[in-house]
Structures are given as C-alpha cells and as structure tokens.
Amino acid sequence: MFLKNKFYKLIQIFLLLGFFFSLFSKDSPLLYLDITSAGFIQQETKRVLCIYGFRREENSELELNYLENGIPEILYSNLRDFDFIYEPNPIPEVIVFPFNSKEIKNQLSRSIFLEKKLFSNQSIEPEEAMLEGAKQNCEYVISGKYLPTKNDKLKIRIFITNRINGNMQVLEKETSIRRAFQELTENSLELKRALSPKGLSELQIDTNEKDVKVIIDGIYYGNTPFTKKDLTPDQHKITLEKDQFETLQFSVTLDIGKSKNLKIKLKQIQEEIGYLNVNSNPQGAEVFFGNKLLGVTPLVKVPVKVGNNRVRISLENYVDEFRGVDIKKEEVMSLNVQLKEGETKEYYKKRFHVFQDYTYFDFSLYSLYGSLIFYTTYMYSWHRIGKEKDKLYAIASFNELNTFNQIQVLTEKINTNSPALLDYQVSILGGFLYQQLQVNKTERNVNFYKTIQNISVLGAIGMLSSSIIFYNLGINSDAMEFGYLPKTFWSTEEFYFSVRFSWN
C-alpha cells in the first residue's frame, strides 16, 4: 500500500513539471496566434448575361416576326467583343480571416469577365426576368419589345434586369424598319454603358507600322490604327505583334470616362535571309513561300527567311506543285517545276488513294495493327505452354516401373502365383502406361504452341516491315497534299559524310 501511494505521488510530480516547462516552451500552443499569416479575400470572377427573344407589342398592325429572333441576335453580336464589365464593389465569395491580425490582403479586381448566353427562341416578359435569370444562373437579363409604326419606323424597348441589385433599366430606340439591325449596331455603345454604369474607358493605339495585332488581356481585338471605347477603367496588359517586328508587351491603367492615346514605335527584327529562284513550265504561276505570296514565275533571287519552309507553285487549270526547301544564309536555291494539267484537289485525291479508297498510310496502319495481333498470339501461346508444362508437375512422381520390377523378381524367388499379387502388378503397370500417355500428349501440345510462337514472330516481323514500307511509299510519293517533306538523315550527302566520319 505504501509503494502504491508513493507511485501516485511521483506521477503527480511529473505532470506538474511537464505543465511548468510547457509555459516556457517556444512551441507552446499559446504562442500559435503570433505566427499566423494575414487573411485574404477571393472575389467573383465571372458574371453571366442572358439575352431572350423580343415580343411584338399587341397594338401593332405589322407583324415582322423575324424581329423576334433578329433583334436579340444583333444585340448578342454587338456584345461579342464586350468581355469585361467594371464593378467597383465586386462580391467577395471567400473571406479568410487571420487569427490575431486585422490585416487583410485585398485581392479584388474591378474587371469581371462577362459571359453571354443567347435564348432568341424564347421570349419573356420583363416581369419574368428575375425568375428566368435565376433558372439560368444569369446576373443580367435582357428582354424587350418592338412596335412597328407608320413611316417605316420601329420603336424598340430594351429591358436590362440586374439580378444583383434588383434594378431594371429601359433603353428606348427608334430606328427605321429597313435598317433596324444596322442602326442597332451603330448605337451598341449605349447598351455596353448600361451594363457597366460605373463607367468605361477608351483606348487608342497608333504605331509606326500598320496592321499591328492588338491583344488586350490575352484577347485579340483588332489591328492598328486601333480604337476601343468599352474597356474597363482598370489596369490592362497590352501585347502588340507583327511579323518581322519585335513583340511589345506593356501594361496601361485607364481612368473612368477618359480616353488614352498611345503612339508606339516597333523595332524591326534583322532576320537572316537567303535567296530563291523559281521557274515553271508554263510560266506565270503564283509562288507561295509558306503563306506569303512571292510573285509569279519566273522569280530571280527573291529574298526569303532562312530555314525550312514549303513552296507552293499554283497556276489555274494546273495541279499545284509543293516543294520542301531549306534556305541557307546568303545562298541561292533554285527550283524548276514542270506543272501537270488538271485540278489540284481531284489529282491529289486520286493519287493519294492507291487502292479504291485506301492510301499507303492506311495500309501502313493496318499492317501495324496486324503486328499487334501476331504479338497477342505469341503471348497467348507462351501462356498455353506454361499451362501445359504445369500439367507435368501435377502427375504423381513415384517410380511405378521400379516397383513393378521389384515385385516381379520377388515373385520368381518365392515361386508363388498369388492372384492378388498378379492383380497388383497389373494395376501398377496400367498406371505407368497412363502416365506415359499423358506426358506424351503434353509434349505434343507444347510443341504445337511453340510452332505457333515461331509463326507469330515471323508474322509480326513481316507486318512491321510492311508498315514501314507502306509509310515510306506514302511519304516519298507526290501524293503529299501539303507537300513539305522534312529533310531526313538518310539523304545521300549526309549519309556519305556520316559513314566517312564513323569510319575514320
């Protein structure tokens, strides 16, 4: 009893010591709040706009049913390049608070992507917009009505319902009936401003070269000279691209309701060039280097970009000729082409089909499939051989023949003709003969599957060879519709030098 009480006291002492040291420990949970990070906010990234069919006013004399679908389709087309709306107070979707700090990282962007959905075959009343928008998960709903009047006039009322704040705007337009669609397109900016009432900005870009591609926030909007009046007043990433000029990337911040005009000078890339001579019979054929038209034959020392490319020689009533070229720096490459009469599409279609509707590439693929079938047969035969060999191990391993011989010798020594002993001898001999029959049968099966294996190996090799042969026949024929044939290692000149280098 004394030892038991002493043991309990020791446990209590250790517990008190542990609690005491935990108060001064650096890893104490009481200090956990001091090392937590600040909180952050994740906002909405997308809103959806649904556009429904328009309805005709009841008191109109003219029907003009095509406007029911036509007006919403025009509005949808006008908003195709309106990808973002400006929202100064976006809705936070996730807020993560810190444990002991009031600091919160504000990651809000005031440009929200606008997805558009068109339901032109379904018309709704403006009062139904809230309910229909909820069904389609739309933050904005556009519906409307039209009223044809006299003097070739058309009154259009566009109802814009904002399900976030419950407001509804009404835009009234008066157009001519004949040019209703064109006039709606000309006044599309008013609709964009109604969807983004907090303000839009304008951006103008002029460059020293024309037709420079303008990409804003990863979306291509057009070429310079460039003007866009419906951008959000936010920071945008601008990319300017043009062939043979350096790509320029920069950021620009737009202010609400203001216009910014940028004048930018692009630097031309100094490319390495070679030269190309092209002649054809008959002459006067157009020569394309990639997608660029170089002129008509005969062409003499035309500067082109260094590297691999494709040349297409095209003349009306003649088959287009395709040639792969490898242009070297400051070197002249010459092409002399004999054009064939005929139509390009029909010629290559017939040339490409070597047997009925099958091509060399079809035969190459089918041969490859055939090699897989032979491989499957080989693996199945290997599996069956293993199964047959397992049968040999399943046969009893006692030596019946030795046992039979010993009994025979013992019978002759004691000179007995016991019927029971004779029956035992016969049963042992019968078991031995049956076992030998099973062994012989198993060996025959093993040899049979080995033969199938050998045939499968030969068949797979033959199919793979056929696949390679058919593929090369297709590659090397003039049936290649897109013509550019990559330079291979096994060209005569390269093969000669590679062999010579290896030999030395």
# chains A, B, ... in the order shown; residues from 1 in each chain; ligands from 1
call {"tool": "residues_around", "arguments": {"residues": "region 68-82 of chain A", "least_positions_apart": "6", "cutoff": "6 Å", "atoms": "only C-alpha atoms", "output": "ChimeraX atom specification"}}
result
/A:53-55,120
call {"tool": "write_last_selection", "arguments": {"atoms": "C-alpha atoms", "output": "PDB file, in the first residue's frame"}}
result
ATOM      1  CA  GLY A  53     -36.256  36.870 -77.677  1.00  0.00           C
ATOM      2  CA  PHE A  54     -38.233  40.095 -78.166  1.00  0.00           C
ATOM      3  CA  ARG A  55     -42.034  40.303 -78.260  1.00  0.00           C
ATOM      4  CA  SER A 120     -33.531  34.081 -79.025  1.00  0.00           C
TER       5      SER A 120
END
call {"tool": "residues_around", "arguments": {"residues": "region 467-473 of chain A", "least_positions_apart": "6", "cutoff": "8 Å", "atoms": "only C-alpha atoms", "output": "MDAnalysis selection string"}}
result
chainID A and resid 360:361 363:368
call {"tool": "write_last_selection", "arguments": {"atoms": "C-alpha atoms", "output": "short mmCIF file (atom, residue, chain, number, x, y, z; two decimals), in the first residue's frame"}}
result
data_model
loop_
_atom_site.label_atom_id
_atom_site.label_comp_id
_atom_site.auth_asym_id
_atom_site.auth_seq_id
_atom_site.Cartn_x
_atom_site.Cartn_y
_atom_site.Cartn_z
CA TYR A 360 -0.38 3.98 -98.31
CA PHE A 361 -0.84 5.34 -94.82
CA PHE A 363 -2.05 0.09 -95.33
CA SER A 364 0.78 1.13 -93.03
CA LEU A 365 -1.62 1.49 -90.10
CA TYR A 366 -3.40 -1.80 -90.84
CA SER A 367 -0.04 -3.57 -91.02
CA LEU A 368 0.84 -2.13 -87.63
#
call {"tool": "residues_around", "arguments": {"residues": "Lys242 (chain A)", "least_positions_apart": "5", "cutoff": "8 Å", "atoms": "only C-alpha atoms", "output": "ChimeraX atom specification"}}
result
/A:211-213,247
call {"tool": "residues_around", "arguments": {"residues": "Glu321 (chain A)", "least_positions_apart": "5", "cutoff": "9 Å", "atoms": "only C-alpha atoms", "output": "PyMOL selection string"}}
result
chain A and resi 311-314+337-340+344+478+483
call {"tool": "select_by_dssp", "arguments": {"residues": "region 167-303 of chain A", "states": "strand (DSSP E or B)", "output": "PyMOL selection string"}}
result
chain A and resi 168-176+201-207+213-216+219-223+226-231+235-241+245+248-253+259-264+268+273-281+286-289+292-296+299-303
call {"tool": "residues_around", "arguments": {"residues": "Ser176 (chain A)", "least_positions_apart": "2", "cutoff": "10 Å", "atoms": "only C-alpha atoms", "output": "PyMOL selection string"}}
result
chain A and resi 148-149+151-155+174+178-183
call {"tool": "closest_residue", "arguments": {"among": "A:Asp326, A:Asp243, A:Lys263, A:Tyr146", "to": "Thr224 (chain A)", "atoms": "only C-alpha atoms"}}
result
A:Lys263
call {"tool": "residues_around", "arguments": {"residues": "Gly459 (chain A)", "least_positions_apart": "6", "cutoff": "12 Å", "atoms": "only C-alpha atoms", "output": "list in words"}}
result
Ser367, Leu368, Tyr369, Gly370, Ser371, Leu372, Ile373, Phe374, Tyr375, Thr376, Thr377, Tyr378, Ile452, Gln453, Ser465 and Ser466 of chain A
